[in-house]
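Here is the structure we will look at.
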Amino acid sequence: MKDNTSIGDFMFDAGLNFKTPLKNGYVLSLGATASIAQNLKANRTLLWENFKLNSFGVDFSRDTVEFRDKEQGEIVLPMSLGFGVQLAKDEQWLIQSDIRYTEWSNYESFRGKDSLNNSFRVSLGGQYARDARGTTFGQRIQYRAGIYYGTSFLNIRNNTLSDRGVSIGFGLPIRKAFQSMINIALEAGEMGTLNDNLIRERYVRAVIGLTFNEVWFQKRRFD
């Protein structure tokens, strides 16, 4: 079976952010995102064939079951909602939590539905720095840790697949820069289930990233 699908359309998401200072240097931030169900224009070429082994053990196409060339249709992406909250203290530490929910059970492709589950993911994390505006390298290092849990949209043999894990990381300041960082993280998790002879995967991931957050084109007043 060969299925080549091309999608060309616009997608729209909406978001809100609210930030307010509290007493004693605390800052509370709230955020929300939403994406309504959207119909995207698509076209596909579909080819189903029957295969048979010849006397040399090589597969060859015996006949064509179905062929659709450049079929026009729509793909329905489901509604998705997200919410987050963060509490910070004087740029020294912060703790935040996020949750996202997506109605994959309403997904459609060319008027066909699949046995998908609604998915969600919740995460909790924190960050600490001795002095984010300090003058030494050690003072400005950011220490991070987090945990997460979620369920996949996949439904295999009536089993919902879950994903859970923990992560730790560091933000290493770049010399002579104020907010630019080299970000290093290590994540360990588990996904899947052993029910009904399925597979449970245990994984470790290492991530390295670079963040630039500086004023580059500021005109100098003095040389």
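Going by the structure tokens order, chains are called A, B, ..., each with residues numbered from 1, while ligands are numbered from 1 in the order shown.
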Report as JSON lines the residues of stretch 100-156 of chain A within 6 Å of stretch 161-176 of chain A, each with its shortest atom pair and distance in Å (one decimal), using only C-alpha atoms, ordered by chain and increasing residue number.
{"residue": "A:Ile141", "atom": "CA", "partner": "A:Leu172", "partner_atom": "CA", "distance": 5.2}
{"residue": "A:Gln142", "atom": "CA", "partner": "A:Gly171", "partner_atom": "CA", "distance": 4.7}
{"residue": "A:Tyr143", "atom": "CA", "partner": "A:Phe170", "partner_atom": "CA", "distance": 4.8}
{"residue": "A:Arg144", "atom": "CA", "partner": "A:Gly169", "partner_atom": "CA", "distance": 5.0}
{"residue": "A:Ala145", "atom": "CA", "partner": "A:Ile168", "partner_atom": "CA", "distance": 4.3}
{"residue": "A:Gly146", "atom": "CA", "partner": "A:Ser167", "partner_atom": "CA", "distance": 5.2}
{"residue": "A:Ile147", "atom": "CA", "partner": "A:Val166", "partner_atom": "CA", "distance": 4.3}
{"residue": "A:Tyr148", "atom": "CA", "partner": "A:Gly165", "partner_atom": "CA", "distance": 5.6}
{"residue": "A:Tyr149", "atom": "CA", "partner": "A:Arg164", "partner_atom": "CA", "distance": 4.3}
{"residue": "A:Gly150", "atom": "CA", "partner": "A:Asp163", "partner_atom": "CA", "distance": 5.2}
{"residue": "A:Thr151", "atom": "CA", "partner": "A:Ser162", "partner_atom": "CA", "distance": 4.2}
{"residue": "A:Ser152", "atom": "CA", "partner": "A:Leu161", "partner_atom": "CA", "distance": 5.4}
Skip stretch 93-99 of chain A itself and residues of its chain fewer than 3 positions away, then list as a PyMOL selection string all residues within 9 Å of it, counting only C-alpha atoms. chain A and resi 81-90+120-130+142
Dump of N, CA and C atoms for the selected residues, as a JSON list (two decimals), in the first residue's frame:
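Produced file result.json, reproduced below:
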[["chain", "number", "residue", "atom", "x", "y", "z"],
["A", 81, "LEU", "N", -6.37, 22.27, 23.60],
["A", 81, "LEU", "CA", -6.37, 23.30, 24.64],
["A", 81, "LEU", "C", -5.14, 23.14, 25.51],
["A", 82, "GLY", "N", -4.58, 24.26, 25.94],
["A", 82, "GLY", "CA", -3.43, 24.22, 26.82],
["A", 82, "GLY", "C", -3.52, 25.30, 27.89],
["A", 83, "PHE", "N", -2.93, 25.02, 29.05],
["A", 83, "PHE", "CA", -2.95, 25.98, 30.15],
["A", 83, "PHE", "C", -1.65, 25.85, 30.93],
["A", 84, "GLY", "N", -1.11, 26.98, 31.38],
["A", 84, "GLY", "CA", 0.12, 26.96, 32.16],
["A", 84, "GLY", "C", 0.11, 28.02, 33.25],
["A", 85, "VAL", "N", 0.86, 27.75, 34.32],
["A", 85, "VAL", "CA", 0.99, 28.69, 35.43],
["A", 85, "VAL", "C", 2.44, 28.69, 35.90],
["A", 86, "GLN", "N", 2.93, 29.86, 36.26],
["A", 86, "GLN", "CA", 4.32, 29.98, 36.70],
["A", 86, "GLN", "C", 4.40, 30.96, 37.86],
["A", 87, "LEU", "N", 5.22, 30.60, 38.86],
["A", 87, "LEU", "CA", 5.51, 31.48, 39.98],
["A", 87, "LEU", "C", 7.02, 31.67, 40.06],
["A", 88, "ALA", "N", 7.47, 32.94, 40.04],
["A", 88, "ALA", "CA", 8.89, 33.24, 40.04],
["A", 88, "ALA", "C", 9.22, 34.19, 41.18],
["A", 89, "LYS", "N", 10.49, 34.16, 41.60],
["A", 89, "LYS", "CA", 10.95, 35.01, 42.70],
["A", 89, "LYS", "C", 12.27, 35.69, 42.31],
["A", 90, "ASP", "N", 12.19, 37.00, 42.04],
["A", 90, "ASP", "CA", 13.37, 37.83, 41.84],
["A", 90, "ASP", "C", 14.39, 37.26, 40.85],
["A", 120, "PHE", "N", -3.51, 13.72, 26.51],
["A", 120, "PHE", "CA", -3.19, 14.84, 27.38],
["A", 120, "PHE", "C", -1.76, 14.67, 27.88],
["A", 121, "ARG", "N", -1.19, 15.77, 28.33],
["A", 121, "ARG", "CA", 0.16, 15.77, 28.90],
["A", 121, "ARG", "C", 0.23, 16.83, 29.98],
["A", 122, "VAL", "N", 0.76, 16.46, 31.14],
["A", 122, "VAL", "CA", 0.94, 17.41, 32.23],
["A", 122, "VAL", "C", 2.40, 17.37, 32.65],
["A", 123, "SER", "N", 2.96, 18.52, 32.92],
["A", 123, "SER", "CA", 4.37, 18.60, 33.29],
["A", 123, "SER", "C", 4.56, 19.61, 34.41],
["A", 124, "LEU", "N", 5.61, 19.38, 35.19],
["A", 124, "LEU", "CA", 5.95, 20.25, 36.32],
["A", 124, "LEU", "C", 7.47, 20.41, 36.34],
["A", 125, "GLY", "N", 7.93, 21.66, 36.42],
["A", 125, "GLY", "CA", 9.37, 21.88, 36.41],
["A", 125, "GLY", "C", 9.76, 23.12, 37.17],
["A", 126, "GLY", "N", 11.05, 23.22, 37.43],
["A", 126, "GLY", "CA", 11.56, 24.36, 38.17],
["A", 126, "GLY", "C", 12.96, 24.73, 37.71],
["A", 127, "GLN", "N", 13.37, 25.94, 38.08],
["A", 127, "GLN", "CA", 14.68, 26.46, 37.73],
["A", 127, "GLN", "C", 15.22, 27.31, 38.87],
["A", 128, "TYR", "N", 16.54, 27.22, 39.09],
["A", 128, "TYR", "CA", 17.17, 27.99, 40.17],
["A", 128, "TYR", "C", 18.51, 28.54, 39.69],
["A", 129, "ALA", "N", 18.80, 29.78, 40.06],
["A", 129, "ALA", "CA", 20.09, 30.41, 39.82],
["A", 129, "ALA", "C", 20.48, 31.21, 41.05],
["A", 130, "ARG", "N", 21.74, 31.13, 41.43],
["A", 130, "ARG", "CA", 22.18, 31.87, 42.62],
["A", 130, "ARG", "C", 21.97, 33.37, 42.44],
["A", 142, "GLN", "N", 22.10, 28.27, 35.56],
["A", 142, "GLN", "CA", 20.71, 27.93, 35.85],
["A", 142, "GLN", "C", 20.57, 26.41, 35.98]]
Coordinates-based distance that separates atom CA of A:Met11 from atom CA of A:Gln72 (Å, one decimal): 18.6 Å
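Within the 7 Å cut-off around A:Leu210, using only C-alpha atoms and omitting residues fewer than 5 positions from it on the same chain, the listed residues are Met181, Ile182 and Asn183 of chain A.
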Taking N, CA and C atoms for each residue, export the selection above as a compact mmCIF listing (two decimals), in the first residue's frame.
# COMPACT_ATOMS: atom_id res chain seq x y z
N MET A 181 22.53 31.63 26.47
CA MET A 181 22.86 30.43 27.23
C MET A 181 23.16 29.25 26.33
N ILE A 182 24.03 28.37 26.81
CA ILE A 182 24.17 27.02 26.27
C ILE A 182 23.35 26.11 27.18
N ASN A 183 22.35 25.45 26.62
CA ASN A 183 21.42 24.64 27.41
C ASN A 183 21.72 23.16 27.22
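The interatomic distance for the pair atom CA of A:Ala188 and atom CA of A:Ala206 works out to 9.0 Å.
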With a distance cut-off of 8 Å and only C-alpha atoms, select the neighbouring residues of A:Ser6, excluding the residue or stretch itself and same-chain residues fewer than 3 positions from it, and output the selection as an MDAnalysis selection string. chainID A and resid 42:44
Output of the above residues as a compact mmCIF listing (two decimals), in the first residue's frame, restricted to N, CA and C atoms:
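Saved to part-v7.txt:
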# COMPACT_ATOMS: atom_id res chain seq x y z
N ALA A 42 -6.60 18.99 1.27
CA ALA A 42 -5.54 18.02 1.00
C ALA A 42 -5.85 17.26 -0.28
N ASN A 43 -4.83 16.64 -0.84
CA ASN A 43 -5.01 15.71 -1.96
C ASN A 43 -4.06 14.54 -1.75
N ARG A 44 -4.45 13.38 -2.26
CA ARG A 44 -3.64 12.19 -2.04
C ARG A 44 -3.69 11.28 -3.26
Using DSSP secondary structure from the backbone, list all alpha helix (DSSP H) positions within stretch 34-215 of chain A, as number ranges by chain. A: 137-140
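The spacing separating atom CA of A:Glu190 from atom CA of A:Asp114 amounts to 25.1 Å.
Nearest to A:Glu74 of all the residues A:Ser105, A:Asn17, A:Thr136, A:Thr5 is A:Thr5, based on only C-alpha atoms.
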Please extract the residues of stretch 92-217 of chain A with a backbone DSSP assignment of strand (DSSP E) and present them as number ranges by chain. A: 93-102, 108-109, 112-113, 119-129, 142-156, 159-173, 181-192, 200-211
Write out as a tab-separated table the residues of stretch 15-123 of chain A that have any atom within 12 Å of an atom of stretch 156-159 of chain A, one row each with the nearest atom pair and its distance in Å to one decimal, counting only C-alpha atoms, sorted by chain and then rising number.
residue	atom	partner	partner_atom	distance
A:Asp114	CA	A:Ile156	CA	11.5
A:Ser115	CA	A:Ile156	CA	8.7
A:Leu116	CA	A:Ile156	CA	9.0
A:Asn117	CA	A:Asn159	CA	9.7
Writer output for current selection, C-alpha atoms, as a PDB file, in the first residue's frame:
ATOM      1  CA  ASP A 114      -9.509   6.164  13.070  1.00  0.00           C
ATOM      2  CA  SER A 115      -9.490   4.514  16.488  1.00  0.00           C
ATOM      3  CA  LEU A 116      -7.573   7.306  18.199  1.00  0.00           C
ATOM      4  CA  ASN A 117      -7.797   8.338  21.834  1.00  0.00           C
TER       5      ASN A 117
END
Counting only C-alpha atoms, the residue of A:Asn195, A:Glu91, A:Asn39, A:Arg111 that sits nearest A:Val76: A:Asn39
